[in-house]
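Student: mmCIF, C-alpha atoms and all ligand atoms, saved as structure-v3.cif, coming up:
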data_input
loop_
_atom_site.label_atom_id
_atom_site.label_comp_id
_atom_site.auth_asym_id
_atom_site.auth_seq_id
_atom_site.Cartn_x
_atom_site.Cartn_y
_atom_site.Cartn_z
CA MET A 24 -1.02 -19.11 4.12
CA THR A 25 -2.17 -21.94 1.88
CA LYS A 26 -5.32 -20.27 0.51
CA ASP A 27 -5.33 -18.75 -2.99
CA TYR A 28 -5.14 -15.24 -1.56
CA VAL A 29 -4.58 -13.56 -4.95
CA THR A 30 -7.95 -14.81 -6.22
CA ILE A 31 -9.68 -14.14 -2.88
CA ASN A 32 -8.35 -10.57 -2.77
CA ARG A 33 -9.08 -9.93 -6.45
CA ASP A 34 -12.71 -11.08 -6.04
CA LEU A 35 -13.06 -8.90 -2.92
CA TRP A 36 -11.82 -5.79 -4.73
CA ASN A 37 -13.93 -6.45 -7.81
CA ALA A 38 -16.98 -6.71 -5.55
CA GLU A 39 -16.11 -3.59 -3.51
CA ALA A 40 -14.75 -1.33 -6.26
CA ALA A 41 -17.92 0.77 -6.49
CA ASP A 42 -17.68 1.60 -2.76
CA TRP A 43 -14.18 3.08 -3.25
CA ALA A 44 -15.04 5.33 -6.17
CA GLU A 45 -16.07 8.27 -3.96
CA ILE A 46 -12.76 8.23 -2.04
CA GLY A 47 -10.93 7.82 -5.34
CA ALA A 48 -12.70 10.86 -6.82
CA ARG A 49 -11.82 12.99 -3.77
CA LEU A 50 -8.15 11.98 -3.81
CA TRP A 51 -7.78 12.42 -7.57
CA ALA A 52 -9.02 15.99 -6.99
CA SER A 53 -6.52 16.63 -4.16
CA PRO A 54 -3.98 19.22 -5.34
CA GLU A 55 -1.24 17.71 -3.16
CA PRO A 56 -0.58 14.11 -2.11
CA VAL A 57 -2.10 12.95 1.19
CA TRP A 58 -1.37 9.57 2.72
CA GLY A 59 -2.96 6.66 4.49
CA ASN A 60 -6.07 6.10 6.55
CA TRP A 61 -6.45 9.69 7.72
CA ASN A 62 -5.05 11.33 4.60
CA ASN A 63 -2.05 12.79 6.43
CA ALA A 64 -0.62 15.79 4.61
CA ASP A 65 2.75 15.03 3.06
CA ASP A 66 4.43 17.64 5.31
CA GLY A 67 7.96 16.49 4.64
CA LEU A 68 7.14 12.77 4.54
CA GLY A 69 8.44 12.86 0.97
CA LEU A 70 6.82 9.70 -0.35
CA LEU A 71 7.08 11.07 -3.89
CA PRO A 72 10.04 12.96 -5.38
CA GLU A 73 9.04 16.61 -5.97
CA ASP A 74 10.19 16.50 -9.58
CA MET A 75 9.51 13.27 -11.40
CA SER A 76 10.31 14.53 -14.91
CA ASP A 77 11.79 11.79 -17.04
CA LEU A 78 11.23 9.11 -14.41
CA ASP A 79 9.53 5.83 -15.29
CA ALA A 80 7.27 5.13 -12.32
CA ILE A 81 5.04 2.21 -11.39
CA GLU A 82 2.28 1.89 -8.79
CA LEU A 83 1.85 -1.69 -7.57
CA GLY A 84 -1.78 -2.34 -6.65
CA CYS A 85 -2.95 1.06 -7.81
CA GLY A 86 -6.66 0.75 -6.96
CA THR A 87 -8.45 3.86 -8.15
CA GLY A 88 -5.09 5.26 -9.27
CA TYR A 89 -4.84 8.60 -7.49
CA VAL A 90 -1.16 8.06 -6.55
CA SER A 91 -0.48 7.34 -10.22
CA GLY A 92 -2.30 10.59 -11.05
CA TRP A 93 -0.09 12.58 -8.61
CA MET A 94 3.04 11.05 -10.16
CA ALA A 95 1.88 11.91 -13.69
CA LYS A 96 1.26 15.49 -12.49
CA ARG A 97 4.90 15.61 -11.31
CA GLY A 98 6.10 14.67 -14.77
CA ALA A 99 6.62 10.90 -14.56
CA ARG A 100 5.75 8.34 -17.24
CA VAL A 101 3.42 6.23 -15.12
CA THR A 102 2.22 2.64 -15.17
CA GLY A 103 -0.40 1.56 -12.62
CA ILE A 104 -1.04 -2.14 -12.17
CA ASP A 105 -3.83 -3.83 -10.29
CA VAL A 106 -5.31 -7.33 -10.14
CA SER A 107 -8.91 -6.01 -10.07
CA ALA A 108 -10.50 -5.18 -13.43
CA GLU A 109 -13.23 -3.20 -11.65
CA GLN A 110 -10.76 -1.00 -9.77
CA LEU A 111 -8.95 -0.37 -13.05
CA LYS A 112 -12.21 0.77 -14.67
CA SER A 113 -12.48 3.48 -11.99
CA ALA A 114 -8.79 4.37 -12.40
CA ARG A 115 -9.11 4.78 -16.18
CA ARG A 116 -12.25 6.88 -15.82
CA PHE A 117 -10.57 9.23 -13.29
CA ALA A 118 -7.43 9.52 -15.43
CA GLN A 119 -9.55 10.54 -18.40
CA GLU A 120 -11.50 13.09 -16.33
CA HIS A 121 -8.23 14.62 -15.09
CA GLY A 122 -6.40 14.44 -18.41
CA ALA A 123 -3.71 12.24 -16.81
CA ASP A 124 -1.59 10.12 -19.10
CA VAL A 125 -1.26 6.85 -17.15
CA GLN A 126 -0.99 3.32 -18.51
CA PHE A 127 -3.21 1.09 -16.37
CA LEU A 128 -2.62 -2.67 -16.68
CA GLU A 129 -4.32 -5.68 -15.14
CA ALA A 130 -1.65 -7.79 -13.43
CA ASN A 131 -0.65 -9.50 -10.21
CA ALA A 132 1.98 -7.34 -8.49
CA GLU A 133 3.83 -10.51 -7.47
CA ASP A 134 4.41 -11.41 -11.13
CA THR A 135 3.75 -8.51 -13.49
CA ALA A 136 5.39 -9.91 -16.67
CA LEU A 137 6.83 -6.42 -17.29
CA PRO A 138 10.47 -6.20 -18.45
CA ASP A 139 13.43 -6.24 -16.05
CA GLN A 140 14.84 -2.87 -14.95
CA SER A 141 12.17 -0.78 -16.66
CA PHE A 142 11.38 1.66 -13.80
CA ASP A 143 13.20 4.31 -11.75
CA PHE A 144 10.57 4.56 -9.04
CA ALA A 145 7.96 2.18 -7.59
CA ILE A 146 5.32 2.86 -4.97
CA SER A 147 2.50 1.08 -3.18
CA GLU A 148 0.03 2.68 -0.81
CA TYR A 149 -2.04 -0.11 0.72
CA GLY A 150 -1.79 -2.05 -2.56
CA ALA A 151 0.82 -4.81 -2.97
CA ALA A 152 2.18 -3.38 0.30
CA ILE A 153 -0.47 -5.28 2.27
CA TRP A 154 -2.32 -7.60 -0.16
CA CYS A 155 0.69 -9.47 -1.58
CA ARG A 156 3.15 -11.90 -0.02
CA PRO A 157 6.15 -9.73 0.94
CA SER A 158 8.85 -12.10 -0.36
CA LEU A 159 7.16 -12.24 -3.78
CA TRP A 160 6.10 -8.67 -4.49
CA LEU A 161 9.31 -7.14 -3.07
CA ALA A 162 11.44 -9.43 -5.26
CA GLU A 163 9.28 -8.42 -8.24
CA ALA A 164 9.66 -4.71 -7.44
CA PHE A 165 13.44 -5.20 -7.16
CA ARG A 166 13.49 -6.90 -10.58
CA LEU A 167 11.46 -4.07 -12.15
CA LEU A 168 13.71 -1.30 -10.80
CA ARG A 169 16.83 -0.03 -12.48
CA PRO A 170 19.99 0.12 -10.34
CA GLY A 171 19.64 3.20 -8.11
CA GLY A 172 15.83 2.99 -8.39
CA ARG A 173 13.66 3.50 -5.32
CA LEU A 174 10.68 1.72 -3.81
CA VAL A 175 8.40 3.44 -1.30
CA PHE A 176 5.55 1.59 0.36
CA LEU A 177 2.96 2.38 3.00
CA GLY A 178 0.90 -0.17 4.91
CA ASN A 179 -0.35 -1.07 8.36
CA HIS A 180 2.11 -0.91 11.23
CA PRO A 181 2.73 -4.37 12.79
CA LEU A 182 1.64 -2.90 16.15
CA SER A 183 -1.86 -2.26 14.79
CA LEU A 184 -2.11 -5.92 13.80
CA ILE A 185 -1.09 -7.34 17.18
CA CYS A 186 -3.59 -4.96 18.84
CA SER A 187 -6.45 -6.17 16.56
CA PRO A 188 -8.85 -8.72 18.07
CA PRO A 189 -9.30 -11.93 16.05
CA SER A 190 -13.01 -11.05 15.65
CA GLY A 191 -12.13 -8.15 13.32
CA ALA A 192 -13.37 -5.59 15.87
CA PRO A 193 -11.39 -2.30 16.05
CA CYS A 194 -7.91 -2.49 17.56
CA ASP A 195 -7.43 -1.55 21.21
CA ASP A 196 -4.77 -1.38 23.94
CA THR A 197 -4.46 -5.18 24.36
CA LEU A 198 -1.91 -7.39 22.62
CA HIS A 199 -4.35 -9.83 20.98
CA ARG A 200 -1.93 -11.97 18.99
CA PRO A 201 1.70 -12.97 19.06
CA TYR A 202 4.27 -10.68 17.48
CA ARG A 203 6.72 -13.51 17.03
CA GLY A 204 6.12 -15.30 13.74
CA MET A 205 3.77 -12.62 12.35
CA TRP A 206 2.83 -13.22 8.70
CA GLY A 207 -0.39 -11.17 8.35
CA ALA A 208 -4.04 -12.08 8.89
CA ASP A 209 -6.95 -13.84 7.24
CA TRP A 210 -9.96 -11.52 7.56
CA THR A 211 -12.24 -13.57 5.29
CA GLU A 212 -14.30 -15.20 8.04
CA VAL A 213 -14.13 -12.71 10.91
CA GLU A 214 -17.27 -11.59 12.73
CA PHE A 215 -16.93 -7.85 11.98
CA GLU A 216 -16.51 -6.60 8.41
CA PRO A 217 -14.95 -9.66 6.74
CA SER A 218 -12.56 -8.79 3.91
CA GLY A 219 -9.49 -10.47 2.41
CA ILE A 220 -6.06 -11.81 3.30
CA CYS A 221 -3.38 -9.27 4.26
CA PHE A 222 0.32 -9.60 4.96
CA ASN A 223 2.65 -8.02 7.48
CA LEU A 224 5.93 -8.95 9.18
CA THR A 225 7.83 -8.17 12.33
CA MET A 226 10.34 -5.33 11.98
CA ALA A 227 13.22 -7.82 12.11
CA ASP A 228 11.66 -9.94 9.36
CA TRP A 229 11.02 -6.90 7.09
CA MET A 230 14.65 -5.88 7.54
CA ALA A 231 15.94 -9.42 6.90
CA LEU A 232 13.83 -9.67 3.75
CA PHE A 233 15.09 -6.34 2.35
CA LEU A 234 18.66 -7.48 2.96
CA GLN A 235 18.05 -10.88 1.38
CA ILE A 236 16.52 -9.33 -1.77
CA GLY A 237 19.24 -6.68 -2.02
CA PHE A 238 17.40 -3.46 -1.03
CA THR A 239 18.99 -0.87 1.23
CA VAL A 240 16.78 1.09 3.63
CA GLU A 241 16.88 4.88 3.15
CA ARG A 242 14.19 5.93 5.61
CA TYR A 243 11.54 4.45 7.87
CA GLN A 244 8.54 6.44 9.08
CA GLU A 245 5.64 5.74 11.45
CA LEU A 246 2.34 7.54 10.91
CA TYR A 247 -0.15 8.57 13.60
CA ALA A 248 -3.65 9.98 13.17
CA PRO A 249 -3.71 13.78 12.96
CA ASP A 250 -5.13 15.80 15.90
CA TRP A 251 -8.43 16.46 14.11
CA ALA A 252 -9.12 12.75 13.48
CA GLU A 253 -12.13 11.18 15.16
CA GLY A 254 -14.20 8.00 14.96
CA VAL A 255 -12.98 4.71 13.56
CA ARG A 256 -11.55 4.12 10.10
CA ALA A 257 -10.59 0.69 8.72
CA ALA A 258 -11.03 -0.81 12.21
CA ILE A 259 -8.57 1.69 13.74
CA PRO A 260 -9.98 4.14 16.33
CA ALA A 261 -8.60 7.67 15.86
CA ASP A 262 -7.75 7.90 19.57
CA TRP A 263 -5.70 4.71 19.37
CA ALA A 264 -3.83 5.99 16.33
CA LYS A 265 -3.00 9.28 18.08
CA SER A 266 -0.98 7.29 20.65
CA TYR A 267 0.30 4.37 18.59
CA PRO A 268 1.60 4.24 15.02
CA MET A 269 -1.05 2.76 12.76
CA GLU A 270 1.00 2.90 9.57
CA GLN A 271 4.58 2.45 8.44
CA VAL A 272 6.39 3.81 5.39
CA TRP A 273 9.54 2.15 4.07
CA HIS A 274 11.82 3.99 1.62
CA LEU A 275 14.13 1.47 -0.09
CA GLN A 276 16.76 1.67 -2.79
CA LYS A 277 18.13 -0.86 -5.25
CA PRO A 278 21.89 -0.22 -5.06
CA LEU A 279 23.73 1.19 -8.08
C1 LIG B 1 -6.82 -0.01 -0.94
S1 LIG B 1 -6.45 -0.29 -2.64
C2 LIG B 1 -4.93 0.56 -2.64
C3 LIG B 1 -4.71 1.40 -3.82
C4 LIG B 1 -4.93 2.87 -3.73
N1 LIG B 1 -3.96 3.51 -2.86
C5 LIG B 1 -6.35 3.16 -3.36
O1 LIG B 1 -6.64 3.33 -2.16
O2 LIG B 1 -7.22 3.20 -4.26
C6 LIG B 1 -5.86 -1.96 -2.70
C7 LIG B 1 -5.67 -2.46 -4.13
O3 LIG B 1 -4.75 -3.55 -4.14
C8 LIG B 1 -5.14 -4.39 -5.22
N2 LIG B 1 -4.53 -5.72 -5.12
C9 LIG B 1 -4.81 -6.71 -4.24
N3 LIG B 1 -4.05 -7.78 -4.51
C10 LIG B 1 -3.28 -7.47 -5.58
C11 LIG B 1 -2.30 -8.17 -6.34
N4 LIG B 1 -1.96 -9.43 -6.04
N5 LIG B 1 -1.72 -7.52 -7.38
C12 LIG B 1 -2.07 -6.25 -7.70
N6 LIG B 1 -3.01 -5.55 -7.03
C13 LIG B 1 -3.59 -6.15 -5.97
C14 LIG B 1 -6.65 -4.43 -5.09
O4 LIG B 1 -7.27 -4.89 -6.26
C15 LIG B 1 -6.97 -2.99 -4.76
O5 LIG B 1 -7.31 -2.24 -5.89
#
Write the structure described by the file as structure tokens, please.
Ligand SMILES: C[S@@+](CC[C@H](N)C(=O)[O-])C[C@H]1O[C@@H](n2cnc3c(N)ncnc32)[C@H](O)[C@@H]1O

Tutor:
Amino acid sequence: MTKDYVTINRDLWNAEAADWAEIGARLWASPEPVWGNWNNADDGLGLLPEDMSDLDAIELGCGTGYVSGWMAKRGARVTGIDVSAEQLKSARRFAQEHGADVQFLEANAEDTALPDQSFDFAISEYGAAIWCRPSLWLAEAFRLLRPGGRLVFLGNHPLSLICSPPSGAPCDDTLHRPYRGMWGADWTEVEFEPSGICFNLTMADWMALFLQIGFTVERYQELYAPDWAEGVRAAIPADWAKSYPMEQVWHLQKPL
């Protein structure tokens, strides 16, 4: 990818921020965390520690900031960073409405300029997890974590990408692109719902990258759409996502 994807993605999110405020408001109001495209109940997924008292936590690509809000509610000292000033405006407004003490900063998750080893816990739900180059943002997350610190991230499953037609139409049961050599996709000029530039890797390449950076893998989860899901969300038909995993969650640790 030779395009300036950070600027392209930042401009996209600044332009679309207003459209995400309604979802942000709903999720800030959710009493318990819910995850991903179909807001799966946590139900033992355990993306966040139950008790986050005394933890320094960071959300990388926080968007409207509801995950940061849930972490603050669990007792963490929270920093949310995002490259989009407009998304951060929504995040700050919601934090104020909910009385959540979160520090929101404008920064690129690939190069935050925050101090080394300043966090115990890092998370990204569809933030840096898909919009940043994996080798860069994962190395940055590793740098930011203290030894023993954990990184959890949720993004699209590689299977959903290979089943997505190049036109940007919803994914289906055909393998539309090679798995081998997967890096992500440029959605800026597709026919249906153009957006930005997103990253993903094959399973083997994710694992090799974690090893190269120094992370150990604690857990890996695949998410399906719940039984009640219907229609199409984010170019994923509910029926497809009841049979195939549309999302993946990696739980990583920086060794002690
Ligand atoms: C779908 S939102 C995810 C956040 C949150 N879970 C939500 O849904 O509101 C994606 C966010 O990633 C941010 N983002 C994209 N590229 C980024 C980068 N290089 N550094 C930090 N944030 C980035 C976007 O600005 C956007 O707010």

Student: For ligand LIG 1 (chain B), which of A:Leu275, A:Leu161, A:Ala227, A:Ala123 is the closest residue, counting only C-alpha atoms and all ligand atoms?

Tutor: A:Leu161

Student: Which is closer to Val272 (chain A) than all the others in A:Ile146, A:Leu159, A:Leu83, A:Leu232, using all atoms listed in the file?

Tutor: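 Between A:Ile146, A:Leu159, A:Leu83, A:Leu232, the residue approaching Val272 (chain A) most closely is A:Ile146.
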
Student: Mind pulling up the distance from CA of Ile104 (chain A) to CA of Arg166 (chain A)?

Tutor: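 Atom-to-atom, CA of Arg166 (chain A) to CA of Ile104 (chain A), that is 15.4 Å.
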
Student: Neighbouring residues of region 261-266 of chain A were defined as those with any atom within 12 Å, considering all atoms listed in the file; residues of the same chain fewer than 4 positions away were excluded. Please report them as a PyMOL selection string.

Tutor: chain A and resi 59-61+179-180+182-183+186-187+193-197+245-257+270

Student: Near Asn223 (chain A), counting all atoms listed in the file, which residues have an atom at most 8 Å away, once you skip same-chain residues fewer than 6 positions from it, shown as a list in words?

Tutor: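 These residues fall inside the cut-off: Ile153, Pro157, Asn179, Pro181, Met205, Trp206, Gly207 and Ala208 of chain A.
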
Student: When you count only C-alpha atoms and all ligand atoms, which of these residues is closest to ligand LIG 1 (chain B): A:Ser158, A:Gln140, A:Ser91, A:Asn32?

Tutor: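 Comparing A:Ser158, A:Gln140, A:Ser91, A:Asn32 against ligand LIG 1 (chain B), the winner is A:Asn32.
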
Student: Around the point (11.3, 10.8, 3.5) (coordinates from the file), which residues reach within 12 Å if we count all atoms listed in the file? Answer as a PyMOL selection string.

Tutor: chain A and resi 65-73+173-177+240-245+271-275

Student: Please, what distance in Å, to one decimal, runs between CA of Val106 (chain A) and atom C9 of ligand LIG 1 (chain B)?

Tutor: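 Separation between CA of Val106 (chain A) and atom C9 of ligand LIG 1 (chain B): 6.0 Å.
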
Student: Of the candidates A:Thr211, A:Asn37, A:Gln276, A:Asn63, which shows the shortest atom-to-atom distance to ligand LIG 1 (chain B), using only C-alpha atoms and all ligand atoms?

Tutor: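 Among the listed residues, A:Asn37 lies closest to ligand LIG 1 (chain B).
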
Student: Would you mind telling me which residue in A:Phe222, A:Trp210, A:Phe233, A:Trp93 lies nearest to Tyr149 (chain A) when using all atoms listed in the file?

Tutor: A:Phe222

Student: Tell me which of A:Ala151, A:Leu111, A:Leu167, A:Ala192 sits closest to Ile220 (chain A), counting only C-alpha atoms.

Tutor: A:Ala151

Student: Write out as JSON an axis-aligned box for ligand LIG 1 (chain B): all of its atoms listed in the file, 5 Å added on each side, centre and edge lengths in Å with one decimal.

Tutor:
{"center_x": -4.5, "center_y": -3.0, "center_z": -4.3, "size_x": 15.6, "size_y": 22.9, "size_z": 16.8}

Student: Just the residues within 12 Å of Asp143 (chain A), please, counting only C-alpha atoms, with nothing from its chain fewer than 5 positions along; format it as a PDB file with C-alpha atoms, in the frame of the given file.

Tutor:
ATOM      1  CA  PRO A  72      10.040  12.960  -5.380  1.00  0.00           C
ATOM      2  CA  MET A  75       9.510  13.270 -11.400  1.00  0.00           C
ATOM      3  CA  SER A  76      10.310  14.530 -14.910  1.00  0.00           C
ATOM      4  CA  ASP A  77      11.790  11.790 -17.040  1.00  0.00           C
ATOM      5  CA  LEU A  78      11.230   9.110 -14.410  1.00  0.00           C
ATOM      6  CA  ASP A  79       9.530   5.830 -15.290  1.00  0.00           C
ATOM      7  CA  ALA A  80       7.270   5.130 -12.320  1.00  0.00           C
ATOM      8  CA  ILE A  81       5.040   2.210 -11.390  1.00  0.00           C
ATOM      9  CA  GLU A  82       2.280   1.890  -8.790  1.00  0.00           C
ATOM     10  CA  ALA A  99       6.620  10.900 -14.560  1.00  0.00           C
ATOM     11  CA  ARG A 100       5.750   8.340 -17.240  1.00  0.00           C
ATOM     12  CA  VAL A 101       3.420   6.230 -15.120  1.00  0.00           C
ATOM     13  CA  THR A 102       2.220   2.640 -15.170  1.00  0.00           C
ATOM     14  CA  ALA A 164       9.660  -4.710  -7.440  1.00  0.00           C
ATOM     15  CA  PHE A 165      13.440  -5.200  -7.160  1.00  0.00           C
ATOM     16  CA  ARG A 166      13.490  -6.900 -10.580  1.00  0.00           C
ATOM     17  CA  LEU A 167      11.460  -4.070 -12.150  1.00  0.00           C
ATOM     18  CA  LEU A 168      13.710  -1.300 -10.800  1.00  0.00           C
ATOM     19  CA  ARG A 169      16.830  -0.030 -12.480  1.00  0.00           C
ATOM     20  CA  PRO A 170      19.990   0.120 -10.340  1.00  0.00           C
ATOM     21  CA  GLY A 171      19.640   3.200  -8.110  1.00  0.00           C
ATOM     22  CA  GLY A 172      15.830   2.990  -8.390  1.00  0.00           C
ATOM     23  CA  ARG A 173      13.660   3.500  -5.320  1.00  0.00           C
ATOM     24  CA  LEU A 174      10.680   1.720  -3.810  1.00  0.00           C
ATOM     25  CA  VAL A 175       8.400   3.440  -1.300  1.00  0.00           C
ATOM     26  CA  GLN A 276      16.760   1.670  -2.790  1.00  0.00           C
ATOM     27  CA  LYS A 277      18.130  -0.860  -5.250  1.00  0.00           C
ATOM     28  CA  PRO A 278      21.890  -0.220  -5.060  1.00  0.00           C
ATOM     29  CA  LEU A 279      23.730   1.190  -8.080  1.00  0.00           C
TER      30      LEU A 279
END

Student: Would you pick out the contacts of Gly219 (chain A) at 12 Å or less, using all atoms listed in the file, so that residues sharing its chain but fewer than 6 positions from it are not included, and give the list as a PDB file with C-alpha atoms, keeping the file's coordinate frame?

Tutor:
ATOM      1  CA  LYS A  26      -5.320 -20.270   0.510  1.00  0.00           C
ATOM      2  CA  ASP A  27      -5.330 -18.750  -2.990  1.00  0.00           C
ATOM      3  CA  TYR A  28      -5.140 -15.240  -1.560  1.00  0.00           C
ATOM      4  CA  VAL A  29      -4.580 -13.560  -4.950  1.00  0.00           C
ATOM      5  CA  THR A  30      -7.950 -14.810  -6.220  1.00  0.00           C
ATOM      6  CA  ILE A  31      -9.680 -14.140  -2.880  1.00  0.00           C
ATOM      7  CA  ASN A  32      -8.350 -10.570  -2.770  1.00  0.00           C
ATOM      8  CA  ARG A  33      -9.080  -9.930  -6.450  1.00  0.00           C
ATOM      9  CA  ASP A  34     -12.710 -11.080  -6.040  1.00  0.00           C
ATOM     10  CA  LEU A  35     -13.060  -8.900  -2.920  1.00  0.00           C
ATOM     11  CA  TRP A  36     -11.820  -5.790  -4.730  1.00  0.00           C
ATOM     12  CA  ASN A  37     -13.930  -6.450  -7.810  1.00  0.00           C
ATOM     13  CA  ALA A  38     -16.980  -6.710  -5.550  1.00  0.00           C
ATOM     14  CA  GLU A  39     -16.110  -3.590  -3.510  1.00  0.00           C
ATOM     15  CA  ILE A 153      -0.470  -5.280   2.270  1.00  0.00           C
ATOM     16  CA  TRP A 154      -2.320  -7.600  -0.160  1.00  0.00           C
ATOM     17  CA  CYS A 155       0.690  -9.470  -1.580  1.00  0.00           C
ATOM     18  CA  GLY A 191     -12.130  -8.150  13.320  1.00  0.00           C
ATOM     19  CA  GLY A 207      -0.390 -11.170   8.350  1.00  0.00           C
ATOM     20  CA  ALA A 208      -4.040 -12.080   8.890  1.00  0.00           C
ATOM     21  CA  ASP A 209      -6.950 -13.840   7.240  1.00  0.00           C
ATOM     22  CA  TRP A 210      -9.960 -11.520   7.560  1.00  0.00           C
ATOM     23  CA  THR A 211     -12.240 -13.570   5.290  1.00  0.00           C
ATOM     24  CA  GLU A 212     -14.300 -15.200   8.040  1.00  0.00           C
ATOM     25  CA  VAL A 213     -14.130 -12.710  10.910  1.00  0.00           C
TER      26      VAL A 213
END

Student: Calculate how many Å separate atom C4 of ligand LIG 1 (chain B) from CA of Glu133 (chain A), rounding to one decimal.

Tutor: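 Pair atom C4 of ligand LIG 1 (chain B) / CA of Glu133 (chain A) returns 16.4 Å.
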
Student: Could I see region 101-107 of chain A restored to all heavy atoms, set down as a JSON list (two decimals), keeping the file's coordinate frame?

Tutor:
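Written out: result.json:
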[["chain", "number", "residue", "atom", "x", "y", "z"],
["A", 101, "VAL", "N", 3.94, 7.08, -16.20],
["A", 101, "VAL", "CA", 3.42, 6.23, -15.12],
["A", 101, "VAL", "C", 2.68, 4.99, -15.63],
["A", 101, "VAL", "O", 1.86, 5.07, -16.55],
["A", 101, "VAL", "CB", 2.44, 7.03, -14.22],
["A", 101, "VAL", "CG1", 2.01, 6.18, -13.02],
["A", 101, "VAL", "CG2", 3.09, 8.32, -13.74],
["A", 102, "THR", "N", 2.98, 3.86, -14.97],
["A", 102, "THR", "CA", 2.22, 2.64, -15.17],
["A", 102, "THR", "C", 1.58, 2.28, -13.83],
["A", 102, "THR", "O", 2.27, 2.28, -12.80],
["A", 102, "THR", "CB", 3.15, 1.47, -15.60],
["A", 102, "THR", "OG1", 3.82, 1.85, -16.80],
["A", 102, "THR", "CG2", 2.38, 0.19, -15.83],
["A", 103, "GLY", "N", 0.28, 2.01, -13.85],
["A", 103, "GLY", "CA", -0.40, 1.56, -12.62],
["A", 103, "GLY", "C", -0.89, 0.14, -12.88],
["A", 103, "GLY", "O", -1.56, -0.11, -13.88],
["A", 104, "ILE", "N", -0.53, -0.77, -11.97],
["A", 104, "ILE", "CA", -1.04, -2.14, -12.17],
["A", 104, "ILE", "C", -1.91, -2.55, -11.00],
["A", 104, "ILE", "O", -1.69, -2.15, -9.85],
["A", 104, "ILE", "CB", 0.10, -3.16, -12.42],
["A", 104, "ILE", "CG1", 0.93, -3.38, -11.16],
["A", 104, "ILE", "CG2", 1.00, -2.77, -13.58],
["A", 104, "ILE", "CD1", 0.87, -4.80, -10.74],
["A", 105, "ASP", "N", -2.92, -3.34, -11.33],
["A", 105, "ASP", "CA", -3.83, -3.83, -10.29],
["A", 105, "ASP", "C", -4.42, -5.15, -10.77],
["A", 105, "ASP", "O", -4.59, -5.37, -11.97],
["A", 105, "ASP", "CB", -4.95, -2.82, -10.02],
["A", 105, "ASP", "CG", -5.58, -3.03, -8.65],
["A", 105, "ASP", "OD1", -6.38, -3.99, -8.51],
["A", 105, "ASP", "OD2", -5.29, -2.24, -7.73],
["A", 106, "VAL", "N", -4.77, -6.01, -9.81],
["A", 106, "VAL", "CA", -5.31, -7.33, -10.14],
["A", 106, "VAL", "C", -6.82, -7.25, -10.36],
["A", 106, "VAL", "O", -7.42, -8.19, -10.86],
["A", 106, "VAL", "CB", -4.93, -8.33, -9.01],
["A", 106, "VAL", "CG1", -5.83, -8.15, -7.79],
["A", 106, "VAL", "CG2", -4.92, -9.75, -9.48],
["A", 107, "SER", "N", -7.45, -6.13, -9.98],
["A", 107, "SER", "CA", -8.91, -6.01, -10.07],
["A", 107, "SER", "C", -9.33, -5.20, -11.30],
["A", 107, "SER", "O", -9.05, -4.00, -11.40],
["A", 107, "SER", "CB", -9.45, -5.34, -8.79],
["A", 107, "SER", "OG", -10.70, -4.74, -9.04]]
